Amino acid sequence: MTLVQMQPRPASATPVHRTAAEAMDTGGPQVCDDMTVEVALSVMASARTGHLLVCDNDGLCTGLLTQAQLTAARDSSAYTDRIQLRDILGDRGPFTRPVSTMAEAEHTMRYSQVDALPVVDEHGSALGVLAVAR
């Protein structure tokens, strides 16, 4: 998995115009937003990943869910086995474009307070994920 270091570095260590497309991980699982929380947790466990890209029936990225978000939804008092990912996803985004600079993507991640950010094309299809290195 390609991880993005989100801490300042000397200018000589990072190319000035490095793009999100150059740093994203393209290998993560994409799931449909009508999937249930239990199935999504199972997919996540079998893929050994901490997040899932969520897409609608047209293949457009609607967001990204983490294991913590899915576990919190499952452990909530309002949980039923019929809750779908679209029910817990909330607002679409945040997203970044493949041509965005790393500085722009890092700003979006800091502003949105997220550790992973979907990279989408001009049509809204998911291309990959930028994730913060720990």
# chains A, B, ... in the order shown; residues from 1 in each chain; ligands from 1
>>> select_by_dssp(residues="chain A", states="strand (DSSP E)", output="list in words")
Gln30, Val31, Cys32, His51, Leu52, Leu53, Val54, Cys55, Cys61, Thr62, Gly63, Leu64, Leu65, Thr66, Ala116, Leu117, Pro118, Val119, Val120, Ala126, Leu127, Gly128, Val129, Leu130 and Ala131 of chain A
>>> select_by_dssp(residues="chain A", states="helix (DSSP H, G or I)", output="JSON, numbers by chain")
{"A": [11, 12, 13, 20, 21, 22, 23, 37, 38, 39, 40, 41, 42, 43, 44, 45, 46, 47, 67, 68, 69, 70, 71, 72, 73, 74, 75, 85, 86, 87, 88, 89, 102, 103, 104, 105, 106, 107, 108, 109, 110, 111, 112]}
>>> residues_around(residues="Asp81 in chain A", least_positions_apart="2", cutoff="12 Å", atoms="only C-alpha atoms", output="mmCIF file with N, CA, C and O atoms, in the first residue's frame")
data_model
loop_
_atom_site.group_PDB
_atom_site.id
_atom_site.type_symbol
_atom_site.label_atom_id
_atom_site.label_comp_id
_atom_site.auth_asym_id
_atom_site.auth_seq_id
_atom_site.Cartn_x
_atom_site.Cartn_y
_atom_site.Cartn_z
ATOM 1 N N MET A 35 -24.544 -2.456 0.223
ATOM 2 C CA MET A 35 -23.992 -3.526 1.052
ATOM 3 C C MET A 35 -24.327 -3.251 2.519
ATOM 4 O O MET A 35 -24.354 -2.103 2.950
ATOM 5 N N THR A 36 -24.545 -4.310 3.287
ATOM 6 C CA THR A 36 -24.814 -4.140 4.711
ATOM 7 C C THR A 36 -23.502 -3.950 5.475
ATOM 8 O O THR A 36 -22.427 -4.293 4.984
ATOM 9 N N VAL A 37 -23.627 -3.437 6.677
ATOM 10 C CA VAL A 37 -22.460 -3.165 7.513
ATOM 11 C C VAL A 37 -21.698 -4.452 7.825
ATOM 12 O O VAL A 37 -20.469 -4.491 7.735
ATOM 13 N N GLU A 38 -22.401 -5.522 8.174
ATOM 14 C CA GLU A 38 -21.743 -6.793 8.506
ATOM 15 C C GLU A 38 -20.956 -7.336 7.326
ATOM 16 O O GLU A 38 -19.827 -7.812 7.486
ATOM 17 N N VAL A 39 -21.533 -7.295 6.132
ATOM 18 C CA VAL A 39 -20.833 -7.777 4.945
ATOM 19 C C VAL A 39 -19.619 -6.894 4.665
ATOM 20 O O VAL A 39 -18.535 -7.392 4.336
ATOM 21 N N ALA A 40 -19.769 -5.579 4.817
ATOM 22 C CA ALA A 40 -18.651 -4.659 4.595
ATOM 23 C C ALA A 40 -17.507 -4.934 5.572
ATOM 24 O O ALA A 40 -16.340 -4.929 5.182
ATOM 25 N N ALA A 73 -21.072 2.065 13.843
ATOM 26 C CA ALA A 73 -22.449 1.900 13.352
ATOM 27 C C ALA A 73 -23.036 0.582 13.842
ATOM 28 O O ALA A 73 -24.184 0.524 14.290
ATOM 29 N N ARG A 74 -22.244 -0.483 13.785
ATOM 30 C CA ARG A 74 -22.722 -1.800 14.224
ATOM 31 C C ARG A 74 -22.992 -1.820 15.726
ATOM 32 O O ARG A 74 -23.929 -2.463 16.190
ATOM 33 N N ASP A 75 -22.191 -1.100 16.501
ATOM 34 C CA ASP A 75 -22.338 -1.107 17.951
ATOM 35 C C ASP A 75 -23.369 -0.098 18.453
ATOM 36 O O ASP A 75 -23.655 -0.061 19.651
ATOM 37 N N SER A 76 -23.930 0.697 17.561
ATOM 38 C CA SER A 76 -24.898 1.720 17.978
ATOM 39 C C SER A 76 -26.236 1.079 18.356
ATOM 40 O O SER A 76 -26.591 0.010 17.874
ATOM 41 N N SER A 77 -26.969 1.759 19.199
ATOM 42 C CA SER A 77 -28.272 1.243 19.641
ATOM 43 C C SER A 77 -29.296 1.247 18.507
ATOM 44 O O SER A 77 -30.285 0.527 18.563
ATOM 45 N N ALA A 78 -29.075 2.030 17.459
ATOM 46 C CA ALA A 78 -29.998 2.105 16.331
ATOM 47 C C ALA A 78 -29.697 1.049 15.259
ATOM 48 O O ALA A 78 -30.403 0.955 14.261
ATOM 49 N N TYR A 79 -28.669 0.233 15.473
ATOM 50 C CA TYR A 79 -28.237 -0.728 14.460
ATOM 51 C C TYR A 79 -29.247 -1.854 14.255
ATOM 52 O O TYR A 79 -29.800 -2.391 15.199
ATOM 53 N N ILE A 83 -29.227 -2.228 7.900
ATOM 54 C CA ILE A 83 -28.583 -0.938 7.627
ATOM 55 C C ILE A 83 -27.541 -1.127 6.531
ATOM 56 O O ILE A 83 -26.700 -2.015 6.591
ATOM 57 N N GLN A 84 -27.641 -0.262 5.527
ATOM 58 C CA GLN A 84 -26.721 -0.316 4.401
ATOM 59 C C GLN A 84 -25.674 0.794 4.538
ATOM 60 O O GLN A 84 -25.854 1.753 5.285
ATOM 61 N N LEU A 85 -24.603 0.652 3.761
ATOM 62 C CA LEU A 85 -23.528 1.641 3.838
ATOM 63 C C LEU A 85 -24.027 3.037 3.502
ATOM 64 O O LEU A 85 -23.583 4.010 4.111
ATOM 65 N N ASP A 87 -26.672 4.332 4.329
ATOM 66 C CA ASP A 87 -27.363 4.871 5.500
ATOM 67 C C ASP A 87 -26.408 5.515 6.499
ATOM 68 O O ASP A 87 -26.820 6.368 7.278
#
>>> residues_around(residues="Pro118 in chain A", least_positions_apart="2", cutoff="6 Å", atoms="only C-alpha atoms", output="list of chain:residue names")
A:Phe95, A:Gly128, A:Val129
>>> closest_residue(among="A:Leu60, A:Val114, A:Ala72, A:Leu130", to="Thr101 in chain A", atoms="only C-alpha atoms")
A:Leu130
>>> residues_around(residues="range 48-53 of chain A", least_positions_apart="4", cutoff="10 Å", atoms="only C-alpha atoms", output="PDB file with N, CA and C atoms, in the first residue's frame")
ATOM      1  N   MET A   1       0.841  -1.171   0.000  1.00  0.00           N
ATOM      2  CA  MET A   1       0.000   0.000   0.000  1.00  0.00           C
ATOM      3  C   MET A   1       0.883   1.230   0.000  1.00  0.00           C
ATOM      4  N   GLY A  28      -7.102  -0.998  -3.267  1.00  0.00           N
ATOM      5  CA  GLY A  28      -8.102  -1.231  -2.230  1.00  0.00           C
ATOM      6  C   GLY A  28      -9.448  -1.661  -2.775  1.00  0.00           C
ATOM      7  N   PRO A  29     -10.244  -2.315  -1.936  1.00  0.00           N
ATOM      8  CA  PRO A  29     -11.563  -2.781  -2.375  1.00  0.00           C
ATOM      9  C   PRO A  29     -12.567  -1.648  -2.543  1.00  0.00           C
ATOM     10  N   GLN A  30     -13.420  -1.802  -3.558  1.00  0.00           N
ATOM     11  CA  GLN A  30     -14.549  -0.900  -3.781  1.00  0.00           C
ATOM     12  C   GLN A  30     -15.813  -1.719  -3.597  1.00  0.00           C
ATOM     13  N   VAL A  31     -16.759  -1.168  -2.861  1.00  0.00           N
ATOM     14  CA  VAL A  31     -18.012  -1.873  -2.592  1.00  0.00           C
ATOM     15  C   VAL A  31     -19.189  -0.974  -2.941  1.00  0.00           C
ATOM     16  N   CYS A  32     -20.340  -1.595  -3.154  1.00  0.00           N
ATOM     17  CA  CYS A  32     -21.552  -0.852  -3.485  1.00  0.00           C
ATOM     18  C   CYS A  32     -22.220  -0.341  -2.208  1.00  0.00           C
ATOM     19  N   ASP A  33     -22.859   0.811  -2.297  1.00  0.00           N
ATOM     20  CA  ASP A  33     -23.457   1.431  -1.115  1.00  0.00           C
ATOM     21  C   ASP A  33     -24.697   0.704  -0.597  1.00  0.00           C
ATOM     22  N   ALA A  40     -19.769  -5.579   4.817  1.00  0.00           N
ATOM     23  CA  ALA A  40     -18.651  -4.659   4.595  1.00  0.00           C
ATOM     24  C   ALA A  40     -17.507  -4.934   5.572  1.00  0.00           C
ATOM     25  N   LEU A  41     -17.828  -5.190   6.836  1.00  0.00           N
ATOM     26  CA  LEU A  41     -16.790  -5.524   7.809  1.00  0.00           C
ATOM     27  C   LEU A  41     -16.081  -6.825   7.430  1.00  0.00           C
ATOM     28  N   SER A  42     -16.824  -7.775   6.900  1.00  0.00           N
ATOM     29  CA  SER A  42     -16.238  -9.038   6.457  1.00  0.00           C
ATOM     30  C   SER A  42     -15.306  -8.829   5.261  1.00  0.00           C
ATOM     31  N   VAL A  43     -15.752  -8.008   4.301  1.00  0.00           N
ATOM     32  CA  VAL A  43     -14.913  -7.686   3.140  1.00  0.00           C
ATOM     33  C   VAL A  43     -13.637  -6.996   3.593  1.00  0.00           C
ATOM     34  N   MET A  44     -13.781  -6.061   4.510  1.00  0.00           N
ATOM     35  CA  MET A  44     -12.634  -5.321   5.010  1.00  0.00           C
ATOM     36  C   MET A  44     -11.642  -6.256   5.710  1.00  0.00           C
ATOM     37  N   CYS A  61     -18.171   7.153  -7.027  1.00  0.00           N
ATOM     38  CA  CYS A  61     -17.701   7.107  -5.646  1.00  0.00           C
ATOM     39  C   CYS A  61     -18.579   8.017  -4.782  1.00  0.00           C
ATOM     40  N   THR A  62     -19.101   7.453  -3.694  1.00  0.00           N
ATOM     41  CA  THR A  62     -19.914   8.243  -2.778  1.00  0.00           C
ATOM     42  C   THR A  62     -19.175   8.547  -1.481  1.00  0.00           C
ATOM     43  N   GLY A  63     -18.031   7.896  -1.275  1.00  0.00           N
ATOM     44  CA  GLY A  63     -17.252   8.182  -0.086  1.00  0.00           C
ATOM     45  C   GLY A  63     -16.354   7.042   0.304  1.00  0.00           C
ATOM     46  N   LEU A  64     -15.843   7.149   1.510  1.00  0.00           N
ATOM     47  CA  LEU A  64     -14.922   6.174   2.050  1.00  0.00           C
ATOM     48  C   LEU A  64     -15.331   5.906   3.485  1.00  0.00           C
ATOM     49  N   LEU A  65     -15.364   4.640   3.860  1.00  0.00           N
ATOM     50  CA  LEU A  65     -15.686   4.271   5.237  1.00  0.00           C
ATOM     51  C   LEU A  65     -14.519   3.529   5.857  1.00  0.00           C
ATOM     52  N   THR A  66     -14.271   3.824   7.121  1.00  0.00           N
ATOM     53  CA  THR A  66     -13.199   3.165   7.851  1.00  0.00           C
ATOM     54  C   THR A  66     -13.773   2.057   8.729  1.00  0.00           C
ATOM     55  N   GLN A  67     -12.893   1.200   9.207  1.00  0.00           N
ATOM     56  CA  GLN A  67     -13.320   0.135  10.098  1.00  0.00           C
ATOM     57  C   GLN A  67     -13.928   0.723  11.368  1.00  0.00           C
ATOM     58  N   ALA A  68     -13.357   1.807  11.858  1.00  0.00           N
ATOM     59  CA  ALA A  68     -13.888   2.449  13.068  1.00  0.00           C
ATOM     60  C   ALA A  68     -15.316   2.944  12.844  1.00  0.00           C
ATOM     61  N   GLN A  69     -15.591   3.525  11.679  1.00  0.00           N
ATOM     62  CA  GLN A  69     -16.942   4.013  11.386  1.00  0.00           C
ATOM     63  C   GLN A  69     -17.936   2.850  11.295  1.00  0.00           C
ATOM     64  N   LEU A  70     -17.523   1.777  10.631  1.00  0.00           N
ATOM     65  CA  LEU A  70     -18.409   0.614  10.494  1.00  0.00           C
ATOM     66  C   LEU A  70     -18.661  -0.050  11.843  1.00  0.00           C
ATOM     67  N   ASP A 115      -8.072  10.604   7.575  1.00  0.00           N
ATOM     68  CA  ASP A 115      -6.781   9.945   7.390  1.00  0.00           C
ATOM     69  C   ASP A 115      -6.658   9.284   6.025  1.00  0.00           C
ATOM     70  N   ALA A 116      -7.757   9.240   5.283  1.00  0.00           N
ATOM     71  CA  ALA A 116      -7.753   8.653   3.943  1.00  0.00           C
ATOM     72  C   ALA A 116      -8.698   9.460   3.065  1.00  0.00           C
ATOM     73  N   LEU A 117      -8.328   9.581   1.800  1.00  0.00           N
ATOM     74  CA  LEU A 117      -9.062  10.446   0.885  1.00  0.00           C
ATOM     75  C   LEU A 117      -9.211   9.753  -0.466  1.00  0.00           C
ATOM     76  N   PRO A 118     -10.453   9.562  -0.943  1.00  0.00           N
ATOM     77  CA  PRO A 118     -10.634   8.964  -2.268  1.00  0.00           C
ATOM     78  C   PRO A 118     -10.130   9.894  -3.373  1.00  0.00           C
ATOM     79  N   VAL A 119      -9.522   9.301  -4.386  1.00  0.00           N
ATOM     80  CA  VAL A 119      -9.103  10.022  -5.583  1.00  0.00           C
ATOM     81  C   VAL A 119     -10.101   9.632  -6.664  1.00  0.00           C
ATOM     82  N   ALA A 126     -14.095   6.229  -8.685  1.00  0.00           N
ATOM     83  CA  ALA A 126     -12.942   6.099  -7.799  1.00  0.00           C
ATOM     84  C   ALA A 126     -11.749   5.516  -8.548  1.00  0.00           C
ATOM     85  N   LEU A 127     -10.599   6.145  -8.359  1.00  0.00           N
ATOM     86  CA  LEU A 127      -9.348   5.676  -8.965  1.00  0.00           C
ATOM     87  C   LEU A 127      -8.418   5.065  -7.929  1.00  0.00           C
ATOM     88  N   GLY A 128      -8.532   5.512  -6.681  1.00  0.00           N
ATOM     89  CA  GLY A 128      -7.659   5.036  -5.624  1.00  0.00           C
ATOM     90  C   GLY A 128      -7.861   5.831  -4.357  1.00  0.00           C
ATOM     91  N   VAL A 129      -6.922   5.649  -3.420  1.00  0.00           N
ATOM     92  CA  VAL A 129      -7.019   6.277  -2.100  1.00  0.00           C
ATOM     93  C   VAL A 129      -5.658   6.825  -1.706  1.00  0.00           C
ATOM     94  N   ALA A 131      -3.679   7.767   1.720  1.00  0.00           N
ATOM     95  CA  ALA A 131      -3.804   7.491   3.140  1.00  0.00           C
ATOM     96  C   ALA A 131      -2.615   8.079   3.888  1.00  0.00           C
TER      97      ALA A 131
END
>>> atom_distance(atom1="CA of Asn57 in chain A", atom2="CA of Thr108 in chain A")
26.3 Å
>>> closest_residue(among="A:Thr96, A:Thr19, A:Met109, A:Met102", to="Gly124 in chain A", atoms="only C-alpha atoms")
A:Thr96
